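Text of the file my_file_3.cif, holding mmCIF, C-alpha atoms and all ligand atoms:
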```cif
data_final
#
loop_
_atom_site.label_atom_id
_atom_site.label_comp_id
_atom_site.auth_asym_id
_atom_site.auth_seq_id
_atom_site.Cartn_x
_atom_site.Cartn_y
_atom_site.Cartn_z
CA MET A 1 26.75 -67.56 26.96
CA THR A 2 26.57 -66.36 23.40
CA SER A 3 27.15 -62.64 23.07
CA SER A 4 24.25 -60.44 22.02
CA THR A 5 26.61 -58.67 19.62
CA PRO A 6 25.93 -59.72 16.02
CA GLU A 7 28.75 -61.71 14.51
CA PRO A 8 30.51 -60.24 11.49
CA GLY A 9 28.73 -61.16 8.31
CA SER A 10 25.54 -62.22 10.07
CA PRO A 11 22.30 -60.93 8.63
CA ALA A 12 20.77 -57.77 10.03
CA ARG A 13 18.89 -58.50 13.19
CA ARG A 14 16.13 -56.75 14.97
CA PRO A 15 17.34 -54.63 17.88
CA LEU A 16 17.21 -56.84 20.93
CA LEU A 17 16.41 -55.92 24.47
CA THR A 18 19.16 -58.09 25.74
CA ARG A 19 19.21 -61.65 24.69
CA ARG A 20 20.41 -62.86 28.05
CA ASN A 21 17.52 -61.17 29.87
CA LEU A 22 14.95 -62.42 27.42
CA LEU A 23 16.21 -65.98 27.62
CA ALA A 24 16.10 -65.85 31.39
CA ALA A 25 12.67 -64.26 31.41
CA THR A 26 11.19 -66.86 29.09
CA GLY A 27 12.94 -69.88 30.57
CA LEU A 28 14.24 -70.77 27.12
CA THR A 29 17.74 -71.45 28.38
CA ALA A 30 16.51 -74.13 30.71
CA ALA A 31 14.24 -75.52 28.02
CA GLY A 32 17.21 -76.01 25.73
CA MET A 33 15.00 -74.62 22.99
CA SER A 34 15.96 -72.36 20.20
CA ALA A 35 15.06 -68.81 21.05
CA GLY A 36 15.58 -67.86 17.43
CA PRO A 37 11.98 -67.43 16.40
CA LEU A 38 11.25 -65.26 19.41
CA LEU A 39 14.20 -63.04 18.70
CA GLY A 40 14.04 -63.00 14.95
CA TRP A 41 17.16 -65.14 14.68
CA GLY A 42 17.72 -68.33 12.75
CA ALA A 43 17.69 -71.46 14.85
CA ALA A 44 21.38 -72.18 14.31
CA GLN A 45 22.38 -68.63 15.21
CA ALA A 46 20.39 -68.78 18.41
CA ALA A 47 21.55 -72.21 19.56
CA VAL A 48 22.32 -71.95 23.24
CA SER A 49 25.86 -72.81 24.12
CA PRO A 50 26.16 -75.88 26.34
CA ASP A 51 28.57 -74.00 28.59
CA CYS A 52 25.90 -71.47 29.59
CA PRO A 53 25.79 -71.03 33.33
CA PRO A 54 22.99 -73.01 34.96
CA GLY A 55 19.69 -71.22 34.78
CA THR A 56 17.56 -70.26 37.71
CA THR A 57 14.69 -72.48 36.60
CA ALA A 58 14.06 -76.17 37.13
CA PRO A 59 15.17 -78.65 34.45
CA VAL A 60 12.58 -79.20 31.74
CA PRO A 61 10.99 -82.64 32.16
CA PRO A 62 11.52 -85.05 29.24
CA THR A 63 7.75 -85.13 28.64
CA ALA A 64 7.84 -81.42 27.73
CA ARG A 65 10.37 -81.87 24.97
CA GLY A 66 9.42 -82.10 21.31
CA PRO A 67 11.12 -82.78 18.02
CA ALA A 68 14.21 -80.76 17.10
CA ILE A 69 13.59 -77.74 14.90
CA PRO A 70 15.75 -77.90 11.76
CA ALA A 71 18.22 -75.14 10.90
CA SER A 72 15.60 -73.69 8.55
CA GLY A 73 13.80 -72.47 11.69
CA TYR A 74 10.66 -74.51 11.11
CA LEU A 75 9.41 -78.07 11.22
CA VAL A 76 6.58 -79.26 8.99
CA GLU A 77 5.15 -82.78 9.32
CA GLU A 78 2.06 -84.62 8.11
CA ILE A 79 0.21 -85.67 11.27
CA ALA A 80 -2.90 -87.18 9.65
CA ASP A 81 -4.21 -87.64 6.12
CA ARG A 82 -3.00 -84.43 4.33
CA VAL A 83 -3.07 -82.48 7.62
CA TYR A 84 0.27 -80.84 8.45
CA TRP A 85 1.47 -79.12 11.59
CA LEU A 86 4.03 -76.36 11.26
CA THR A 87 6.06 -75.12 14.23
CA ASP A 88 9.10 -73.06 15.16
CA GLY A 89 9.25 -74.53 18.66
CA LEU A 90 7.24 -71.71 20.21
CA TYR A 91 4.16 -71.43 18.01
CA GLN A 92 2.12 -73.94 15.98
CA MET A 93 -0.37 -73.81 13.11
CA ILE A 94 -1.89 -76.39 10.78
CA PHE A 95 -2.77 -76.61 7.11
CA VAL A 96 -4.64 -79.15 5.01
CA THR A 97 -3.92 -79.90 1.36
CA THR A 98 -7.29 -80.42 -0.34
CA ALA A 99 -8.51 -80.89 -3.88
CA GLU A 100 -9.60 -77.25 -3.87
CA GLY A 101 -6.43 -75.71 -2.43
CA VAL A 102 -4.74 -75.33 0.93
CA VAL A 103 -6.77 -74.63 4.06
CA ALA A 104 -4.62 -72.87 6.68
CA VAL A 105 -5.51 -72.26 10.30
CA ASP A 106 -3.61 -69.31 11.84
CA ALA A 107 -0.37 -67.68 10.75
CA PRO A 108 1.98 -67.03 13.68
CA PRO A 109 4.25 -64.12 12.79
CA THR A 110 7.27 -65.82 14.40
CA ILE A 111 7.02 -68.49 11.68
CA GLY A 112 6.18 -65.71 9.24
CA LYS A 113 7.26 -66.19 5.64
CA ASN A 114 8.46 -69.70 6.48
CA ILE A 115 4.74 -70.57 6.38
CA LEU A 116 4.69 -70.18 2.60
CA ARG A 117 8.05 -71.96 2.29
CA ALA A 118 6.78 -74.87 4.37
CA ILE A 119 3.56 -75.18 2.36
CA ALA A 120 5.60 -75.12 -0.86
CA THR A 121 7.57 -78.16 0.34
CA VAL A 122 4.43 -80.31 0.21
CA THR A 123 2.19 -78.81 -2.50
CA ASN A 124 2.15 -76.42 -5.43
CA SER A 125 -1.33 -75.22 -4.46
CA ARG A 126 -1.92 -71.85 -2.84
CA VAL A 127 -3.89 -71.10 0.31
CA THR A 128 -7.54 -70.78 -0.69
CA HIS A 129 -9.13 -70.88 2.79
CA ALA A 130 -7.66 -69.08 5.84
CA ILE A 131 -9.19 -69.63 9.27
CA TYR A 132 -8.64 -67.54 12.41
CA SER A 133 -8.53 -69.61 15.62
CA HIS A 134 -8.96 -66.29 17.47
CA HIS A 135 -7.96 -62.68 16.94
CA HIS A 136 -4.65 -62.51 18.86
CA ALA A 137 -1.80 -61.24 16.70
CA ASP A 138 0.80 -63.60 18.15
CA HIS A 139 -1.08 -66.45 16.39
CA THR A 140 -2.57 -64.62 13.42
CA GLY A 141 -0.34 -61.61 12.79
CA ALA A 142 0.89 -63.04 9.47
CA MET A 143 -2.56 -63.83 8.02
CA ILE A 144 -1.86 -61.18 5.37
CA LEU A 145 0.39 -63.80 3.73
CA PHE A 146 -2.81 -65.57 2.65
CA GLN A 147 -4.15 -62.53 0.76
CA GLY A 148 -6.47 -63.71 -2.00
CA ALA A 149 -7.83 -66.56 0.12
CA ARG A 150 -11.29 -66.57 1.66
CA PHE A 151 -10.94 -65.67 5.36
CA TYR A 152 -13.08 -67.30 8.06
CA ALA A 153 -13.53 -66.20 11.68
CA HIS A 154 -16.02 -66.07 14.49
CA MET A 155 -18.16 -62.90 14.42
CA GLU A 156 -16.54 -61.67 17.68
CA VAL A 157 -13.15 -61.94 16.00
CA ALA A 158 -14.41 -59.78 13.13
CA ASP A 159 -15.52 -57.11 15.62
CA LEU A 160 -12.21 -57.22 17.49
CA LEU A 161 -10.18 -57.01 14.28
CA ARG A 162 -12.29 -54.05 13.17
CA GLN A 163 -11.46 -52.22 16.43
CA THR A 164 -7.71 -52.35 15.92
CA ASN A 165 -7.46 -52.29 12.12
CA ASP A 166 -4.15 -54.19 11.84
CA PRO A 167 -3.18 -54.43 8.15
CA ASN A 168 -1.56 -57.83 8.82
CA ARG A 169 -4.89 -59.36 9.94
CA PRO A 170 -7.47 -58.95 7.16
CA LEU A 171 -11.13 -58.87 8.10
CA PRO A 172 -12.92 -62.20 7.53
CA ASP A 173 -15.06 -62.75 4.45
CA VAL A 174 -17.19 -65.33 6.28
CA THR A 175 -18.27 -65.13 9.92
CA PHE A 176 -20.49 -67.34 12.07
CA ASP A 177 -22.05 -67.46 15.50
CA ARG A 178 -22.22 -71.05 16.80
CA HIS A 179 -21.08 -73.40 14.05
CA LEU A 180 -19.68 -73.37 10.53
CA ALA A 181 -18.55 -76.31 8.38
CA VAL A 182 -15.80 -75.21 6.00
CA HIS A 183 -15.77 -77.49 2.95
CA ALA A 184 -12.78 -77.69 0.63
CA GLY A 185 -12.79 -80.49 -1.93
CA GLU A 186 -13.84 -83.58 -0.01
CA ASP A 187 -12.51 -82.20 3.28
CA VAL A 188 -14.42 -80.64 6.15
CA LEU A 189 -13.23 -78.47 9.02
CA ASP A 190 -15.92 -78.03 11.66
CA LEU A 191 -15.66 -74.69 13.45
CA THR A 192 -17.61 -74.40 16.70
CA TYR A 193 -17.94 -71.61 19.25
CA HIS A 194 -18.72 -72.66 22.81
CA GLY A 195 -18.66 -69.10 24.16
CA PRO A 196 -15.79 -66.93 25.37
CA ASN A 197 -12.82 -68.70 26.97
CA HIS A 198 -9.23 -67.57 26.36
CA SER A 199 -10.65 -64.70 24.32
CA PRO A 200 -14.02 -63.80 22.82
CA GLY A 201 -14.34 -65.67 19.53
CA ASN A 202 -11.77 -68.41 20.29
CA ILE A 203 -13.10 -71.45 18.41
CA PHE A 204 -12.73 -75.24 18.37
CA ILE A 205 -11.45 -76.44 14.97
CA ASN A 206 -12.36 -80.09 14.46
CA LEU A 207 -11.20 -82.29 11.59
CA PRO A 208 -13.39 -85.33 12.17
CA ALA A 209 -12.02 -87.48 9.36
CA GLN A 210 -8.44 -87.00 10.55
CA ARG A 211 -9.27 -87.01 14.29
CA VAL A 212 -7.45 -83.71 14.85
CA LEU A 213 -8.66 -80.94 17.17
CA MET A 214 -7.13 -77.47 17.28
CA LEU A 215 -7.93 -75.20 20.22
CA VAL A 216 -5.42 -72.45 20.88
CA ASP A 217 -4.22 -71.04 24.22
CA VAL A 218 -6.26 -73.48 26.29
CA VAL A 219 -4.19 -76.68 26.76
CA PHE A 220 -0.36 -76.57 26.65
CA PRO A 221 0.84 -80.16 26.05
CA GLY A 222 3.81 -80.91 28.29
CA TRP A 223 3.82 -77.46 29.89
CA VAL A 224 1.90 -75.41 32.43
CA PRO A 225 -0.24 -72.70 30.85
CA PHE A 226 1.37 -69.38 29.97
CA ALA A 227 1.19 -66.65 32.64
CA TYR A 228 -2.16 -65.65 34.16
CA LEU A 229 -3.86 -68.75 32.75
CA ALA A 230 -2.68 -67.88 29.27
CA GLU A 231 -3.76 -64.24 29.72
CA SER A 232 -7.30 -65.45 29.35
CA GLN A 233 -10.21 -63.05 29.47
CA ASN A 234 -13.03 -65.35 30.56
CA ILE A 235 -11.64 -67.68 33.21
CA PRO A 236 -14.82 -69.72 33.82
CA GLY A 237 -15.00 -70.35 30.07
CA TRP A 238 -11.29 -71.18 29.92
CA LEU A 239 -11.64 -73.60 32.86
CA GLU A 240 -14.54 -75.39 31.11
CA ALA A 241 -12.89 -75.58 27.67
CA PRO A 242 -10.70 -78.70 28.26
CA ALA A 243 -13.80 -80.74 29.16
CA GLN A 244 -15.52 -79.40 26.03
CA ALA A 245 -12.46 -80.44 24.01
CA LEU A 246 -12.62 -84.00 25.35
CA ARG A 247 -16.14 -84.38 23.90
CA TYR A 248 -14.57 -84.32 20.44
CA PRO A 249 -13.25 -87.65 19.10
CA PHE A 250 -9.70 -86.47 18.44
CA ASP A 251 -6.39 -88.31 18.70
CA THR A 252 -4.15 -85.28 18.07
CA TYR A 253 -4.53 -81.94 19.81
CA ILE A 254 -3.00 -78.74 18.44
CA GLY A 255 -2.61 -76.20 21.24
CA GLY A 256 -0.89 -73.49 19.21
CA HIS A 257 2.18 -73.30 21.44
CA LEU A 258 5.51 -74.78 22.37
CA THR A 259 7.34 -77.95 21.66
CA ARG A 260 5.04 -80.77 20.66
CA LEU A 261 1.69 -82.12 19.59
CA GLY A 262 -0.89 -83.02 22.22
CA THR A 263 -2.94 -86.08 23.06
CA ARG A 264 -6.08 -86.68 25.07
CA ASP A 265 -3.84 -87.45 28.06
CA ASP A 266 -2.31 -83.99 27.85
CA VAL A 267 -5.77 -82.48 28.24
CA LEU A 268 -6.40 -84.64 31.30
CA ILE A 269 -3.02 -83.76 32.82
CA GLN A 270 -3.67 -80.03 32.47
CA GLN A 271 -7.10 -80.48 34.02
CA GLU A 272 -5.40 -82.20 36.96
CA TYR A 273 -2.87 -79.36 37.36
CA VAL A 274 -5.55 -76.67 37.18
CA ALA A 275 -7.85 -78.57 39.59
CA GLU A 276 -5.04 -78.83 42.14
CA LEU A 277 -4.17 -75.16 41.73
CA THR A 278 -7.84 -74.21 42.04
CA ALA A 279 -8.21 -76.21 45.27
CA GLN A 280 -5.11 -74.60 46.73
CA ALA A 281 -6.25 -71.13 45.63
CA ALA A 282 -9.61 -71.67 47.34
CA SER A 283 -7.87 -72.92 50.47
CA ALA A 284 -5.51 -69.93 50.50
CA ILE A 285 -8.42 -67.48 50.18
CA ALA A 286 -10.09 -69.19 53.13
CA THR A 287 -7.02 -69.41 55.37
CA PHE A 288 -4.66 -66.52 54.55
CA ASN A 289 -4.73 -63.94 57.32
CA PRO A 290 -4.91 -60.38 55.89
CA ALA A 291 -3.65 -58.98 59.18
CA SER A 292 -0.29 -60.57 58.39
CA VAL A 293 0.33 -58.01 55.63
CA TYR A 294 -0.47 -54.89 57.60
CA GLN A 295 2.95 -54.67 59.27
CA SER A 296 4.72 -54.51 55.92
CA VAL A 297 2.67 -51.84 54.12
CA ASP A 298 1.52 -48.26 54.51
CA PRO A 299 -1.74 -48.60 56.49
CA THR A 300 -3.17 -45.50 54.74
CA ASN A 301 -2.68 -47.06 51.27
CA PRO A 302 -5.51 -49.51 50.48
CA TRP A 303 -3.90 -50.46 47.16
CA ALA A 304 -0.68 -51.42 48.91
CA ILE A 305 -2.64 -53.49 51.42
CA PHE A 306 -4.60 -55.21 48.68
CA ARG A 307 -1.58 -55.91 46.55
CA ALA A 308 0.23 -57.53 49.48
CA TYR A 309 -2.89 -59.54 50.36
CA LEU A 310 -3.41 -60.92 46.85
CA ASP A 311 0.29 -61.62 46.39
CA GLY A 312 0.32 -63.47 49.71
CA VAL A 313 -2.71 -65.59 48.83
CA ALA A 314 -1.35 -66.46 45.39
CA SER A 315 2.06 -67.29 46.82
CA GLN A 316 0.56 -69.63 49.44
CA ALA A 317 -1.41 -71.48 46.72
CA ALA A 318 1.53 -71.69 44.30
CA SER A 319 3.96 -72.91 46.94
CA ALA A 320 1.69 -75.85 47.69
CA VAL A 321 1.44 -76.84 44.02
CA ILE A 322 4.86 -76.27 42.43
CA PRO A 323 6.70 -79.19 44.10
CA ASN A 324 4.08 -81.65 42.80
CA TRP A 325 4.41 -80.48 39.18
CA VAL A 326 7.96 -79.38 38.57
CA ASP A 327 8.88 -82.87 37.32
CA ARG A 328 5.65 -83.37 35.36
CA LEU A 329 5.11 -80.17 33.37
CA GLY A 330 7.62 -77.73 31.89
CA GLY A 331 7.65 -74.27 33.47
CA ALA A 332 5.79 -75.22 36.66
CA ASP A 333 8.26 -73.12 38.65
CA VAL A 334 8.06 -70.29 36.10
CA TYR A 335 4.35 -69.67 35.67
CA THR A 336 2.49 -71.34 38.55
CA LEU A 337 2.61 -68.15 40.64
CA PRO A 338 0.96 -65.90 38.03
CA ASN A 339 -1.46 -68.73 37.25
CA ALA A 340 -2.32 -68.94 40.96
CA TYR A 341 -2.82 -65.17 41.06
CA GLN A 342 -5.28 -65.34 38.16
CA LEU A 343 -7.18 -68.24 39.73
CA VAL A 344 -7.42 -66.42 43.05
CA GLU A 345 -8.84 -63.37 41.30
CA SER A 346 -11.29 -65.48 39.31
CA LEU A 347 -12.46 -67.40 42.38
CA ARG A 348 -13.02 -64.06 44.08
CA ILE A 349 -14.68 -61.97 41.41
CA ASP A 350 -16.18 -64.56 39.05
CA TYR A 351 -17.18 -67.21 41.59
CA GLY A 352 -17.76 -65.01 44.69
CA GLN A 353 -15.29 -66.77 46.99
CA LEU A 354 -14.31 -63.51 48.65
CA GLY A 355 -12.75 -64.78 51.88
CA PRO A 356 -12.23 -61.90 54.33
CA PHE A 357 -13.74 -59.45 51.80
CA GLY A 358 -17.15 -61.15 51.67
CA ILE A 359 -20.40 -59.94 53.24
CA HIS A 360 -19.57 -57.99 56.39
CA PRO A 361 -21.00 -59.65 59.49
ZN ZN B 1 -4.33 -65.86 22.39
#
```
What does this structure look like when you write it as structure tokens?
Amino acid sequence: MTSSTPEPGSPARRPLLTRRNLLAATGLTAAGMSAGPLLGWGAAQAAVSPDCPPGTTAPVPPTARGPAIPASGYLVEEIADRVYWLTDGLYQMIFVTTAEGVVAVDAPPTIGKNILRAIATVTNSRVTHAIYSHHHADHTGAMILFQGARFYAHMEVADLLRQTNDPNRPLPDVTFDRHLAVHAGEDVLDLTYHGPNHSPGNIFINLPAQRVLMLVDVVFPGWVPFAYLAESQNIPGWLEAPAQALRYPFDTYIGGHLTRLGTRDDVLIQQEYVAELTAQAASAIATFNPASVYQSVDPTNPWAIFRAYLDGVASQAASAVIPNWVDRLGGADVYTLPNAYQLVESLRIDYGQLGPFGIHP
């Protein structure tokens, strides 16, 4: 394992928690991915030694792997006519080179100033239009790099940005409610809001001419969703969003995260995973016996009882699902339990499937 001590002559690094712990916590060792962007290191510096001890997570399936990230720390590729994706292996954004200037969607801070370097490798034009997929700083915390551009966002995003006043995420110049067509030269980006899903104001970005759809923190091509169903705030909306995505005529899906581009099949595969987890969560709510937790907790502590109950239900659901997916999606053993927990809670409090805590007889 590479030491967390900086090597002599290496550039100044951010103080780390411990690299070993963070790699283990994120599953990056098993993924064989560069942890550099996450840690503020260059890709080459952060390359994981092949003689690392085996991780505690399942091997990453080949279908979860994406293109190698160059030593520069970023990969930029044209994926459709003048549409480029830009990734550091953990985060993704897109930009379009138009006759009017560059249209950029999101600015993940882990890619940071490499965004401007990447754009400069394909055009001399500057960013004239900057679009927020949603307000979360992990995807948009470097939007300040596009200062001078016209900023676009859903009206909910404007409100949320106003609340927190982050200087790195400028307020939008243009907001909309249901739909906005952003024109730049001959190009069109259709922005549509189908209601809250992952977050309030998270929009579908459709490039009809190039058959590209960007929808962030909803579908994770090759991987299970991030913990707690991608930390989503409106689970019914998040559960419906993949079907809404499939109504668009795209060939390439940009999910905003991880190793590779997505396809329509990736959307279907995630729907299958989530449907199976939902069925098992519903079954666990119906069959888990709350009395089984009473022996192990303080009977005068309702929170302790409830925590043990919910953990037990989620664990029963996750255990039934993980073996079926560990060879199909990356991280199935890492994040299925928190995803099950979130589904159990949503089935209970959003959908009213309350199991033993329903209407008292
Ligand atoms: Zn997000």
From the list A:Ser232, A:Thr121, A:Asn339, A:Ser133, which residue is nearest Ala275 in chain A when using all atoms listed in the file?
A:Asn339
Give the residues close to ligand ZN 1 (chain B), within 7 Å, counting all atoms listed in the file; write them as a list in words.
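Selection of residues at most 7 Å from ligand ZN 1 (chain B): His134, His136, His139, His198, Ser199, Val216 and Asp217 of chain A.
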May I have the residues within 8 Å of range 303-309 of chain A as a PyMOL selection string, using only C-alpha atoms and disregarding those fewer than 5 positions away in the same chain?
chain A and resi 290+293-294+297-298
Once you count only C-alpha atoms, which residues end up no further than 7 Å from (-2.3, -64.3, 35.9) in the file's frame, shown as an MDAnalysis selection string?
chainID A and resid 227:229 231 338:342
Store the residues of this selection in a file with C-alpha atoms, as an mmCIF file, keeping the file's coordinate frame.
```cif
data_model
loop_
_atom_site.group_PDB
_atom_site.id
_atom_site.type_symbol
_atom_site.label_atom_id
_atom_site.label_comp_id
_atom_site.auth_asym_id
_atom_site.auth_seq_id
_atom_site.Cartn_x
_atom_site.Cartn_y
_atom_site.Cartn_z
ATOM 1 C CA ALA A 227 1.190 -66.650 32.640
ATOM 2 C CA TYR A 228 -2.160 -65.650 34.160
ATOM 3 C CA LEU A 229 -3.860 -68.750 32.750
ATOM 4 C CA GLU A 231 -3.760 -64.240 29.720
ATOM 5 C CA PRO A 338 0.960 -65.900 38.030
ATOM 6 C CA ASN A 339 -1.460 -68.730 37.250
ATOM 7 C CA ALA A 340 -2.320 -68.940 40.960
ATOM 8 C CA TYR A 341 -2.820 -65.170 41.060
ATOM 9 C CA GLN A 342 -5.280 -65.340 38.160
#
```
Would you compute the distance between CA of Asp173 in chain A and CA of Asp138 in chain A? Give it in Å to one decimal.
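Atom-to-atom, CA of Asp173 in chain A to CA of Asp138 in chain A, that is 21.0 Å.
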Excluding same-chain residues fewer than 5 positions from Val218 in chain A, what lies within 8 Å of it counting all atoms listed in the file, as a list of chain:residue names?
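So the residues in contact are A:His198, A:Pro225, A:Ala230, A:Trp238, A:Ala241, A:Pro242, A:Gly255.
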Which is closest to Tyr193 in chain A among A:Arg117, A:His154, A:Arg162, A:His360, if we use all atoms listed in the file?
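Of A:Arg117, A:His154, A:Arg162, A:His360, the one nearest Tyr193 in chain A is A:His154, counting all atoms listed in the file.
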Using all atoms listed in the file, which protein or nucleic acid residues come within 9 Å of Gln353 in chain A? Drop anything in the same chain fewer than 6 positions from it, and give the result as a PDB file with C-alpha atoms, in the frame of the given file.
```pdb
ATOM      1  CA  ALA A 282      -9.610 -71.670  47.340  1.00  0.00           C
ATOM      2  CA  ILE A 285      -8.420 -67.480  50.180  1.00  0.00           C
ATOM      3  CA  ALA A 286     -10.090 -69.190  53.130  1.00  0.00           C
ATOM      4  CA  VAL A 344      -7.420 -66.420  43.050  1.00  0.00           C
ATOM      5  CA  SER A 346     -11.290 -65.480  39.310  1.00  0.00           C
ATOM      6  CA  LEU A 347     -12.460 -67.400  42.380  1.00  0.00           C
TER       7      LEU A 347
END
```
Step by step: start from the point (-7.5, -87.3, 18.5) in the file's coordinates, keep every protein, DNA or RNA residue that has an atom no farther than 6 Å from it, count all atoms listed in the file, and write the set as a ChimeraX atom specification.
/A:211-212,249-252
Could you tell me how far CA of Gln244 in chain A sits from CA of Pro61 in chain A, in Å to one decimal place?
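Taking CA of Pro61 in chain A and CA of Gln244 in chain A, their separation equals 27.4 Å.
Summary of the local environment: counting all atoms listed in the file, residues at most 10 Å from Ile119 in chain A, other than itself and those fewer than 5 positions away along its chain, are Val76, Tyr84, Leu86, Phe95, Val96, Thr97, Val102, Ala104, Asn114, Asn124, Ser125, Arg126 and Val127 of chain A.
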Restricting the calculation to all atoms listed in the file: of A:Ala291, A:Gln270, A:Ala184, A:Gln233, which residue gets closest to Ala99 in chain A?
A:Ala184
Using only C-alpha atoms, which protein or nucleic acid residues come within 9 Å of Asp106 in chain A? Drop anything in the same chain fewer than 5 positions from it, and give the result as a CSV table (one decimal) with C-alpha atoms, keeping the file's coordinate frame.
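Full text of result-v6.csv as output:
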```csv
chain,number,residue,atom,x,y,z
A,92,GLN,CA,2.1,-73.9,16.0
A,93,MET,CA,-0.4,-73.8,13.1
A,94,ILE,CA,-1.9,-76.4,10.8
A,95,PHE,CA,-2.8,-76.6,7.1
A,130,ALA,CA,-7.7,-69.1,5.8
A,131,ILE,CA,-9.2,-69.6,9.3
A,132,TYR,CA,-8.6,-67.5,12.4
A,133,SER,CA,-8.5,-69.6,15.6
A,134,HIS,CA,-9.0,-66.3,17.5
A,139,HIS,CA,-1.1,-66.4,16.4
A,140,THR,CA,-2.6,-64.6,13.4
A,141,GLY,CA,-0.3,-61.6,12.8
A,142,ALA,CA,0.9,-63.0,9.5
A,143,MET,CA,-2.6,-63.8,8.0
A,256,GLY,CA,-0.9,-73.5,19.2
```
Take CA of Pro67 in chain A and CA of Ile144 in chain A and report the distance between them in Å, one decimal.
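Atom-to-atom, CA of Pro67 in chain A to CA of Ile144 in chain A, that is 28.2 Å.
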Using all atoms listed in the file, find the one residue out of A:Asp88, A:Asp177, A:Glu156, A:Glu276 that sits nearest to Asn324 in chain A.
A:Glu276
Go through A:Ala68, A:Leu337, A:Val219, A:Val224 one by one, measure the shortest atom-to-atom distance of each to Leu268 in chain A using all atoms listed in the file, and give the residue with the smallest value.
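Ranked by minimum distance to Leu268 in chain A, first place goes to A:Val219.
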